[in-house]
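A short worksheet on the structure shown next.
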Amino acid sequence: MAAAEDRLSFAVGGSSSPFLGQREALGFAENVAATAGWDHRSGRFGFGLHLGAEDDADGLRLDGTYAETYAGNWAFGIGAVDRHWSPSRFSSLIMSGNARPFPAIYAEKREFTAFETPWLAWIGPWKAEVFLGQSDSEGNPDKTKLFGMRVQLQPFDGFEIDLVRTAQWGGEGLPENSDSFLDMLFGKSNEGPNAEANQLAGLGLSWQLPETWAPVRIYAQAVGEDEAGGLPSCFMYLAGIEGKAQVFGTPTTVTLEGATTEISESGSGYCGPGTAYNNAYYPGGYTNHGDSMGLAIDTDSKMVQMIVEHQLPQFDLHYAVAWHEINTADNPAHRLTSEAVDGAVLRVGASRSYDQYRVAGELWYQTYDLDKADLDKGPGIGLTVSRSF
């Protein structure tokens, strides 16, 4: 049995003027944040108590708190843990760090291993996760349920297939019986007495090219916001390319990616503007605490960004430029802005570790306003200091 491990952690952060996507970049979304945590792990059990607060009037929060038990390569737990389901390290169409984590029970196969039976060994190494949780957003039914499942397959070296699916279902005033759960689980959400579920599902692909070719990884993700014939439809897309090289002796990674949540109207009149991250039974959208659980740009929007990362001897340095077109449908009900806007977010940041401390700083400039999200154009600076021991 593995020896027990304990870890204490503390962090404090500040931002002069928050920017779009700040939670994913800095770990908090407001001007001021502080967290304290205690994690304990042994061979059979693990738990973490994490207390935090931001200056958003939501009070003390337990984001990151969990309790788990382990059986072989599997973890079974309950808690509010962050999830990022995507072949991209920075963006996800379906489950990202843009929104606060939600409480859930979950089971997770933690490492890639292959089936021993020859009947299934051809699939290659795989891992998976399934959860059943509860989200909270103004406009949605109280106690809205959230179901999710992910399977990652590596059929051959360097290539990964990522199958993802989530669904909002139930909540105050909507069915939460066994029939509604089974209808949601088997995709019966377009008609009948239990048609309220808001389902998303899709596919991600990632291919690390052979080193003899180039130190490059290409990836893509497509997620459908509706179901037709038992399969996803009404797609939004993400794609990118990531390359690694030595620049003047410094390990460097360059990532270029783009994404769109614009969904065209189908020939039969379905989908169209306002489809992504929205549903008639869940007026608050595919959100937790008001923030999209997918891309930060939310519905009817496009982005392209480049991120450059350098691993210098004394510290890590990164800089990024992103171009956003938000609310291209010019919908006054959009969650971020009441009118169509476009512009850039420019960022440069650095981080360094000192013994048990880590200091990270960020400078940015956002060239547009988001009136509904209360994010103003202009420069900003952010700093986080953390310690773990």
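Starting from 1 in every chain, residues are counted up; chains themselves are A, B, ... following the order of the structure tokens, and ligands are numbered from 1 as listed.
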
message = Please return, as a PyMOL selection string, all residues of stretch 72-291 of chain A that DSSP assigns to helix (DSSP H, G or I) on the basis of the backbone.
response = chain A and resi 118-121+178-185

ask   = Near A:Asp142, within 7 Å and counting only C-alpha atoms, which residues show up once chain neighbours fewer than 4 positions away are dropped, as a ChimeraX atom specification?
value = /A:136,171-172

ask   = So, counting only C-alpha atoms, which residue among A:Met184, A:Asn73, A:Gln134, A:Ser16 is closest to A:Arg44?
value =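 Selected residue with least distance to A:Arg44: A:Asn73.
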
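The space separating atom CA of A:Val32 from atom CA of A:Gly64 comes to 17.8 Å.
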
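Here atom CA of A:Gly258 is placed at a distance of 11.3 Å from atom CA of A:Leu93.
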
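Residues in contact with A:Pro379 at up to 10 Å, not including ones fewer than 3 positions away on its chain and judged by only C-alpha atoms, are Ser16, Ser17, Pro18, Phe19, Val345, Leu346, Arg347, Leu363, Trp364, Tyr365, Gln366, Thr367 and Asp376 of chain A.
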
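Proximity to A:Leu256 was assessed for A:Arg89, A:Gly272, A:Val348, A:Met149 counting only C-alpha atoms; the smallest distance is recorded for A:Arg89.
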
key: Distance of atom CA of A:Gly48 from atom CA of A:Thr35, expressed in Å to one decimal place   = 12.6 Å
